[in-house]
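query-v9.txt (compact mmCIF, C-alpha atoms) appears below.
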```txt
# COMPACT_ATOMS: atom_id res chain seq x y z
CA GLY B 41 0.00 0.00 0.00
CA GLY B 42 2.89 2.44 -0.69
CA GLN B 43 2.49 5.69 -2.53
CA ARG B 44 2.39 5.53 -6.31
CA HIS B 45 4.83 7.62 -8.25
CA TYR B 46 3.63 9.81 -11.11
CA SER B 47 5.61 11.87 -13.56
CA ASN B 48 5.84 15.62 -13.10
CA LEU B 49 4.06 16.05 -16.45
CA ALA B 50 1.04 14.02 -15.31
CA ILE B 51 0.74 16.01 -12.09
CA ALA B 52 1.20 19.34 -13.89
CA THR B 53 -1.50 18.33 -16.41
CA ALA B 54 -4.00 17.48 -13.67
CA LEU B 55 -3.25 20.72 -11.82
CA THR B 56 -3.66 22.66 -15.06
CA LEU B 57 -7.16 21.23 -15.42
CA ARG B 58 -7.86 22.38 -11.88
CA VAL B 59 -6.59 25.90 -12.54
CA VAL B 60 -8.61 26.28 -15.75
CA PHE B 61 -11.86 24.49 -14.82
CA HIS B 62 -11.69 24.82 -10.99
CA PRO B 63 -12.71 21.30 -9.92
CA PRO B 64 -11.67 19.93 -6.50
CA PHE B 65 -8.79 17.43 -6.48
CA ARG B 66 -11.07 14.35 -6.66
CA GLN B 67 -12.96 15.76 -9.63
CA ALA B 68 -9.71 16.77 -11.34
CA GLU B 69 -8.52 13.15 -10.99
CA GLY B 70 -11.75 11.82 -12.53
CA PHE B 71 -11.73 14.49 -15.26
CA LEU B 72 -8.23 13.55 -16.38
CA ASN B 73 -9.06 9.83 -16.27
CA SER B 74 -12.02 10.48 -18.58
CA ILE B 75 -9.80 12.38 -21.03
CA LEU B 76 -7.22 9.59 -21.02
CA ARG B 77 -9.92 6.98 -21.75
CA LEU B 78 -11.32 9.07 -24.61
CA MET B 79 -7.80 9.29 -26.05
CA GLY B 80 -7.44 5.51 -25.82
CA LEU B 81 -4.39 5.74 -23.56
CA ASP B 82 -3.69 3.06 -20.96
CA LEU B 83 -2.63 5.57 -18.32
CA ALA B 84 -3.94 6.53 -14.90
CA ALA B 85 -4.33 10.08 -13.64
CA PRO B 86 -2.57 11.02 -10.40
CA ASP B 87 -4.85 10.39 -7.41
CA HIS B 88 -6.27 13.29 -5.44
CA THR B 89 -3.98 12.78 -2.44
CA THR B 90 -0.93 13.00 -4.69
CA LEU B 91 -2.26 16.20 -6.27
CA SER B 92 -2.88 17.71 -2.84
CA ARG B 93 0.66 16.85 -1.76
CA ARG B 94 2.54 17.70 -4.94
CA ASN B 95 0.85 20.99 -5.79
CA LYS B 96 3.39 22.64 -3.48
CA ASP B 97 6.48 21.54 -5.41
CA VAL B 98 5.43 20.54 -8.93
CA ASP B 99 7.85 21.80 -11.55
CA VAL B 100 6.09 24.20 -13.92
CA PRO B 101 8.10 24.54 -17.16
CA ARG B 102 8.25 27.98 -18.72
CA LEU B 103 6.76 28.31 -22.18
CA ALA B 104 9.22 29.71 -24.71
CA ARG B 105 8.31 32.93 -26.50
CA ASN B 106 7.09 32.44 -30.04
CA HIS B 107 9.29 35.24 -31.37
CA GLU B 108 12.88 36.28 -30.87
CA GLY B 109 14.68 39.56 -30.41
CA PRO B 110 14.66 42.34 -27.79
CA ILE B 111 11.59 42.66 -25.60
CA LEU B 112 9.67 45.57 -24.12
CA PRO B 113 8.64 44.39 -20.63
CA ILE B 114 5.60 46.17 -19.21
CA VAL B 115 5.20 45.72 -15.44
CA ASP B 116 2.07 45.98 -13.33
CA SER B 117 0.25 44.23 -10.48
CA THR B 118 -3.24 43.12 -9.44
CA GLY B 119 -4.92 41.51 -6.43
CA LEU B 120 -6.14 37.91 -6.25
CA LYS B 121 -8.56 36.84 -3.57
CA VAL B 122 -7.82 33.88 -1.28
CA LEU B 123 -10.57 33.80 1.35
CA GLY B 124 -13.80 35.66 2.08
CA ASP B 125 -17.26 36.13 0.59
CA GLY B 126 -16.78 39.43 -1.20
CA GLU B 127 -17.64 43.05 -0.55
CA TRP B 128 -21.38 42.73 -1.30
CA HIS B 129 -21.84 39.82 1.12
CA HIS B 130 -19.75 41.62 3.75
CA ARG B 131 -21.84 44.80 3.58
CA LYS B 132 -25.23 43.06 3.41
CA HIS B 133 -24.69 40.60 6.24
CA LYS B 134 -22.16 42.63 8.27
CA THR B 135 -19.82 39.64 8.38
CA LYS B 136 -16.47 39.82 10.12
CA THR B 137 -14.74 37.20 7.99
CA ARG B 138 -11.20 38.22 7.34
CA ARG B 139 -10.55 38.60 3.61
CA ILE B 140 -7.09 37.62 2.46
CA TRP B 141 -5.49 38.78 -0.77
CA ARG B 142 -2.32 38.10 -2.68
CA LYS B 143 -0.72 40.44 -5.19
CA LEU B 144 0.36 39.16 -8.59
CA HIS B 145 3.15 41.13 -10.29
CA ILE B 146 3.83 40.45 -13.96
CA GLY B 147 6.01 41.57 -16.82
CA VAL B 148 4.41 41.44 -20.27
CA ASP B 149 6.07 41.95 -23.63
CA SER B 150 4.62 43.95 -26.50
CA GLY B 151 2.90 40.83 -27.87
CA GLY B 152 0.98 40.14 -24.67
CA PHE B 153 3.28 37.27 -23.65
CA ILE B 154 3.86 37.08 -19.88
CA VAL B 155 7.65 36.91 -19.51
CA ALA B 156 7.86 37.13 -15.71
CA SER B 157 5.65 36.86 -12.64
CA VAL B 158 5.95 37.11 -8.86
CA LEU B 159 3.27 36.41 -6.23
CA THR B 160 3.53 38.33 -2.95
CA CYS B 161 1.44 39.24 0.06
CA SER B 162 -1.09 42.03 -0.41
CA GLY B 163 1.04 44.62 1.37
CA ALA B 164 4.14 44.19 -0.80
CA GLY B 165 5.23 47.20 -2.82
CA ASP B 166 5.17 47.08 -6.60
CA ALA B 167 8.48 48.78 -7.28
CA VAL B 168 10.56 46.45 -5.08
CA GLN B 169 9.46 43.44 -7.16
CA VAL B 170 11.06 44.73 -10.37
CA PRO B 171 14.50 43.11 -9.72
CA ALA B 172 12.83 39.71 -9.22
CA LEU B 173 10.84 40.17 -12.43
CA LEU B 174 13.92 41.19 -14.44
CA ASP B 175 15.83 38.16 -13.11
CA GLN B 176 13.38 36.01 -15.10
CA VAL B 177 14.11 37.85 -18.36
CA ASP B 178 17.01 36.36 -20.30
CA GLU B 179 16.59 38.43 -23.44
CA LYS B 180 17.88 41.88 -24.17
CA ILE B 181 15.53 44.68 -23.10
CA GLU B 182 14.82 47.45 -25.57
CA CYS B 183 12.27 49.42 -23.55
CA SER B 184 10.70 49.05 -20.11
CA THR B 185 7.34 50.54 -19.14
CA GLY B 186 5.56 51.02 -15.82
CA ASP B 187 3.09 53.38 -14.21
CA GLY B 188 3.97 56.19 -11.80
CA GLY B 189 4.26 53.81 -8.86
CA TYR B 190 7.50 52.49 -10.38
CA ASP B 191 9.17 55.90 -10.41
CA THR B 192 11.84 55.00 -7.86
CA ARG B 193 15.63 54.93 -7.87
CA GLY B 194 15.58 51.19 -7.21
CA VAL B 195 13.58 50.47 -10.36
CA TYR B 196 15.89 52.52 -12.58
CA ASP B 197 18.95 50.88 -10.99
CA ALA B 198 17.50 47.40 -11.55
CA ILE B 199 16.85 48.14 -15.23
CA ALA B 200 20.34 49.62 -15.66
CA GLY B 201 21.88 46.57 -14.01
CA HIS B 202 20.12 44.11 -16.29
CA GLN B 203 22.39 44.76 -19.28
CA ASP B 204 25.18 46.99 -20.54
CA GLU B 205 23.22 48.26 -23.56
CA PRO B 206 21.06 51.39 -23.14
CA VAL B 207 17.36 50.92 -22.38
CA LYS B 208 14.47 53.29 -22.98
CA VAL B 209 12.59 53.65 -19.69
CA VAL B 210 8.98 54.84 -20.00
CA ILE B 211 7.88 55.59 -16.44
CA PRO B 212 6.02 58.87 -15.81
CA PRO B 213 7.80 60.95 -13.15
CA ARG B 214 5.69 61.87 -10.17
CA LYS B 215 4.15 65.34 -10.01
CA GLY B 216 6.70 67.85 -8.84
CA ALA B 217 9.61 65.55 -9.75
CA ALA B 218 12.96 67.31 -10.01
CA ARG B 219 16.20 66.41 -11.73
CA SER B 220 18.74 64.49 -9.68
CA LYS B 221 22.27 65.85 -9.40
CA THR B 222 23.95 62.46 -8.96
CA SER B 223 25.66 60.85 -11.95
CA SER B 224 24.75 57.39 -13.25
CA ARG B 225 23.04 55.80 -16.22
CA ALA B 226 19.86 55.23 -14.25
CA VAL B 227 19.73 58.85 -13.06
CA ALA B 228 20.32 60.11 -16.60
CA TRP B 229 17.34 58.09 -17.88
CA ARG B 230 15.06 59.48 -15.19
CA ASN B 231 16.31 63.06 -15.72
CA GLU B 232 15.50 62.66 -19.40
CA ASN B 233 11.91 61.71 -18.55
CA VAL B 234 11.64 64.64 -16.13
CA ASP B 235 12.90 67.08 -18.78
CA GLU B 236 10.66 65.73 -21.54
CA MET B 237 7.55 65.80 -19.37
CA ALA B 238 8.28 69.37 -18.29
CA SER B 239 8.65 70.34 -21.94
CA LEU B 240 5.74 68.41 -23.47
CA GLY B 241 3.26 68.12 -20.64
CA ARG B 242 2.03 64.87 -19.10
CA ARG B 243 -0.61 63.99 -21.69
CA ARG B 244 1.57 64.63 -24.73
CA TRP B 245 4.54 62.88 -23.09
CA LYS B 246 2.48 59.73 -22.53
CA LYS B 247 1.36 59.74 -26.15
CA GLU B 248 4.78 60.35 -27.70
CA SER B 249 6.74 58.10 -25.35
CA GLY B 250 4.55 55.05 -25.98
CA TYR B 251 3.36 54.90 -22.37
CA HIS B 252 -0.05 53.61 -23.43
CA GLN B 253 1.59 50.21 -24.05
CA GLN B 254 0.87 49.87 -20.32
CA GLY B 255 -2.60 48.74 -21.37
CA ARG B 256 -1.15 45.39 -22.46
CA ALA B 257 -0.43 44.47 -18.86
CA GLU B 258 -3.92 45.53 -17.81
CA ASN B 259 -5.33 43.42 -20.65
CA SER B 260 -3.34 40.41 -19.39
CA PHE B 261 -4.91 40.81 -15.95
CA TYR B 262 -8.35 41.04 -17.56
CA ARG B 263 -7.70 37.80 -19.43
CA TYR B 264 -6.37 36.12 -16.28
CA LYS B 265 -9.46 36.96 -14.25
CA ARG B 266 -11.96 36.27 -17.03
CA ILE B 267 -10.46 32.89 -17.95
CA LEU B 268 -8.98 31.64 -14.69
CA GLY B 269 -10.92 33.71 -12.16
CA GLY B 270 -9.88 36.29 -9.59
CA ARG B 271 -9.55 33.81 -6.73
CA LEU B 272 -6.65 31.57 -5.70
CA ARG B 273 -7.92 28.11 -4.76
CA ALA B 274 -4.75 26.90 -3.07
CA ILE B 275 -4.23 27.70 0.61
CA ASN B 276 -0.52 26.99 1.01
CA ALA B 277 1.73 29.88 -0.07
CA GLU B 278 3.94 27.67 -2.27
CA SER B 279 0.87 26.08 -3.84
CA GLN B 280 -0.47 29.54 -4.65
CA LYS B 281 2.78 30.39 -6.42
CA ARG B 282 2.53 27.19 -8.48
CA GLU B 283 -1.09 28.04 -9.29
CA THR B 284 -0.17 31.44 -10.73
CA LEU B 285 2.77 29.93 -12.65
CA ILE B 286 0.41 27.40 -14.24
CA GLY B 287 -2.02 30.22 -15.04
CA ARG B 288 0.80 32.14 -16.69
CA VAL B 289 1.67 29.16 -18.91
CA VAL B 290 -2.00 28.62 -19.80
CA LEU B 291 -2.49 32.24 -20.90
CA ASN B 292 0.74 32.24 -22.89
CA ARG B 293 -0.28 29.02 -24.61
CA MET B 294 -3.67 30.48 -25.51
CA SER B 295 -1.98 33.56 -26.92
CA GLU B 296 0.40 31.41 -28.94
CA LEU B 297 -2.47 29.41 -30.44
CA GLY B 298 -4.82 32.35 -30.99
CA MET B 299 -2.55 35.09 -32.26
CA PRO B 300 -2.31 35.41 -36.04
CA LYS B 301 1.13 34.99 -37.55
CA SER B 302 1.79 37.82 -39.99
CA TYR B 303 4.79 38.77 -42.06
CA PRO B 304 5.50 41.28 -44.84
CA ILE B 305 5.31 40.13 -48.45
CA GLY B 306 6.43 41.62 -51.69
```
In structure tokens, write the structure found in this file.
Amino acid sequence: GGQRHYSNLAIATALTLRVVFHPPFRQAEGFLNSILRLMGLDLAAPDHTTLSRRNKDVDVPRLARNHEGPILPIVDSTGLKVLGDGEWHHRKHKTKTRRIWRKLHIGVDSGGFIVASVLTCSGAGDAVQVPALLDQVDEKIECSTGDGGYDTRGVYDAIAGHQDEPVKVVIPPRKGAARSKTSSRAVAWRNENVDEMASLGRRRWKKESGYHQQGRAENSFYRYKRILGGRLRAINAESQKRETLIGRVVLNRMSELGMPKSYPIG
């Protein structure tokens, strides 16, 4: 009566079904068994106890980008619910249930492909996660975009430390921002944004700098919550991280299959 051993691929497949269709572990086991029978494969799905145990340490392979070359990472964050009945239920019934949230930070390229992700507690700052996001990017960065919350010295330093080549940083300086007198590549990039915004105005600067690419990250969050939901079903912190990693692979795979492949002719 020892434990059965299943491949990492089988466990990751069953957990992917759970992330996409939201069944409990027992139903995920039965769902995958049904699919395997329909495919005529003499294989057994991992049992529900194995899924419950292994969802903390399953290896989630990263999906390779479907195009090469420099990338334009766009960073942003959103909240994912863990526990609680929602704001409407809380206000109507005056419940005191503690609502727990996690914050998902992502980096998205110009094609909508999620190149990096970090899951943190709800109180974690956005800007301090940028080094961890950039550590997941192996390619050369051509331009990096973020909203005003990323206008910090640490963010500029992290981008400058990623590579020796120059990078265009599109982060709107905060209102009343002044030039820095220190000398470094990162400071020079921020001073350039401060000067251009003072000259052009905030609205025109956003238009001419390409800041509105930020909408791609917001669109990725919309897709995540519409397809996978805005709630994390895992309770354990490591399991929650694996859940968001699987969600990231699922969305990237959908983009890969659904995006048209175009190229110039003539």
Notebook entry, point to check: With all atoms listed in the file as the atoms that count, which of B:Ala167, B:Ile267, B:Ala277, B:Leu120 lies nearest to Asn95 in chain B?
Noted result: B:Ala277
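The nearest approach to Thr118 in chain B among the residues B:Lys208, B:Arg105, B:Arg142, B:Lys96, with only C-alpha atoms taken into account, belongs to B:Arg142.
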Next item on the list: For CA of Ser249 in chain B and CA of Ile211 in chain B, quote the distance in Å rounded to one decimal.
Entry: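 Value for the CA of Ser249 in chain B-CA of Ile211 in chain B distance: 9.3 Å.
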Next item on the list: Find the distance between CA of Ser184 in chain B and CA of Ile199 in chain B and write it in Å to one decimal.
Entry: 7.9 Å
Next item on the list: Compile the contact shell of Arg102 in chain B as a ChimeraX atom specification: residues with an atom at most 12 Å away, counting only C-alpha atoms, same-chain residues fewer than 4 positions apart removed.
Entry: /B:153-157,176-177,282,285-293
Notebook entry, point to check: Which distance in Å separates CA of Ala68 in chain B and CA of Ala85 in chain B, to one decimal?
Noted result: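 Taking CA of Ala68 in chain B and CA of Ala85 in chain B, their separation equals 8.9 Å.
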Next item on the list: Tell me, as a VMD selection string, which residues lie within 12 Å of Tyr262 in chain B, counting only C-alpha atoms; anything in the same chain fewer than 4 positions away does not count.
Entry: chain B and resid 117 to 120 152 255 to 258 266 to 270 291
What are the nearest atom pairs, with distances in Å to one decimal, for all residues of range 200-291 of chain B that come at most 12 Å from range 160-164 of chain B, using all atoms listed in the file, set out by chain and rising residue number as a tab-separated table?
```
residue	atom	partner	partner_atom	distance
B:Ala277	CA	B:Thr160	CA	9.1
B:Glu278	CA	B:Thr160	CA	10.7
B:Gln280	CA	B:Thr160	CA	9.8
B:Lys281	CA	B:Thr160	CA	8.7
B:Thr284	CA	B:Thr160	CA	11.0
```
Would you put the residues from that selection into a file with C-alpha atoms, as a tab-separated table (two decimals), in the frame of the given file?
```
chain	number	residue	atom	x	y	z
B	277	ALA	CA	1.73	29.88	-0.07
B	278	GLU	CA	3.94	27.67	-2.27
B	280	GLN	CA	-0.47	29.54	-4.65
B	281	LYS	CA	2.78	30.39	-6.42
B	284	THR	CA	-0.17	31.44	-10.73
```
Note to self: Can you pull out the residues contacting Phe65 in chain B? Cut-off 10 Å, using only C-alpha atoms, and skip same-chain residues under 3 positions away; I want them as a ChimeraX atom specification.
What the structure shows: /B:54-55,57-58,62,68-71,86-92
Next item on the list: Go through B:Tyr251, B:Trp141, B:Tyr303, B:Trp245 one by one, measure the shortest atom-to-atom distance of each to Arg271 in chain B using only C-alpha atoms, and give the residue with the smallest value.
Entry: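 Looking at the shortest contact to Arg271 in chain B, the residue is B:Trp141.
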Set the distance at 9 Å and use only C-alpha atoms: which residues neighbour range 215-218 of chain B once local chain neighbours fewer than 4 positions away are removed? I'd like the list as an mmCIF file with C-alpha atoms, in the coordinates of the input.
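Written output follows (selection-v8.cif):
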```
data_model
loop_
_atom_site.group_PDB
_atom_site.id
_atom_site.type_symbol
_atom_site.label_atom_id
_atom_site.label_comp_id
_atom_site.auth_asym_id
_atom_site.auth_seq_id
_atom_site.Cartn_x
_atom_site.Cartn_y
_atom_site.Cartn_z
ATOM 1 C CA ASN B 231 16.310 63.060 -15.720
ATOM 2 C CA VAL B 234 11.640 64.640 -16.130
ATOM 3 C CA ASP B 235 12.900 67.080 -18.780
#
```
Would you give the centre and edge lengths, in Å to one decimal, of a box along x, y and z around the listed atoms of range 48-56 of chain B, with 8 Å added to each side, as AutoDock Vina command-line options?
```
--center_x 0.9 --center_y 18.3 --center_z -14.1 --size_x 25.8 --size_y 24.6 --size_z 20.6
```
Next item on the list: Would you mind listing what lies within 6 Å of Asp149 in chain B as a VMD selection string, with all atoms listed in the file counted and same-chain residues fewer than 5 positions away left out?
Entry: chain B and resid 111 to 113
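Each of B:Ile181, B:Ala50, B:Lys221, B:Val60 was compared to Asn73 in chain B using all atoms listed in the file, and B:Ala50 turns out to be the nearest.
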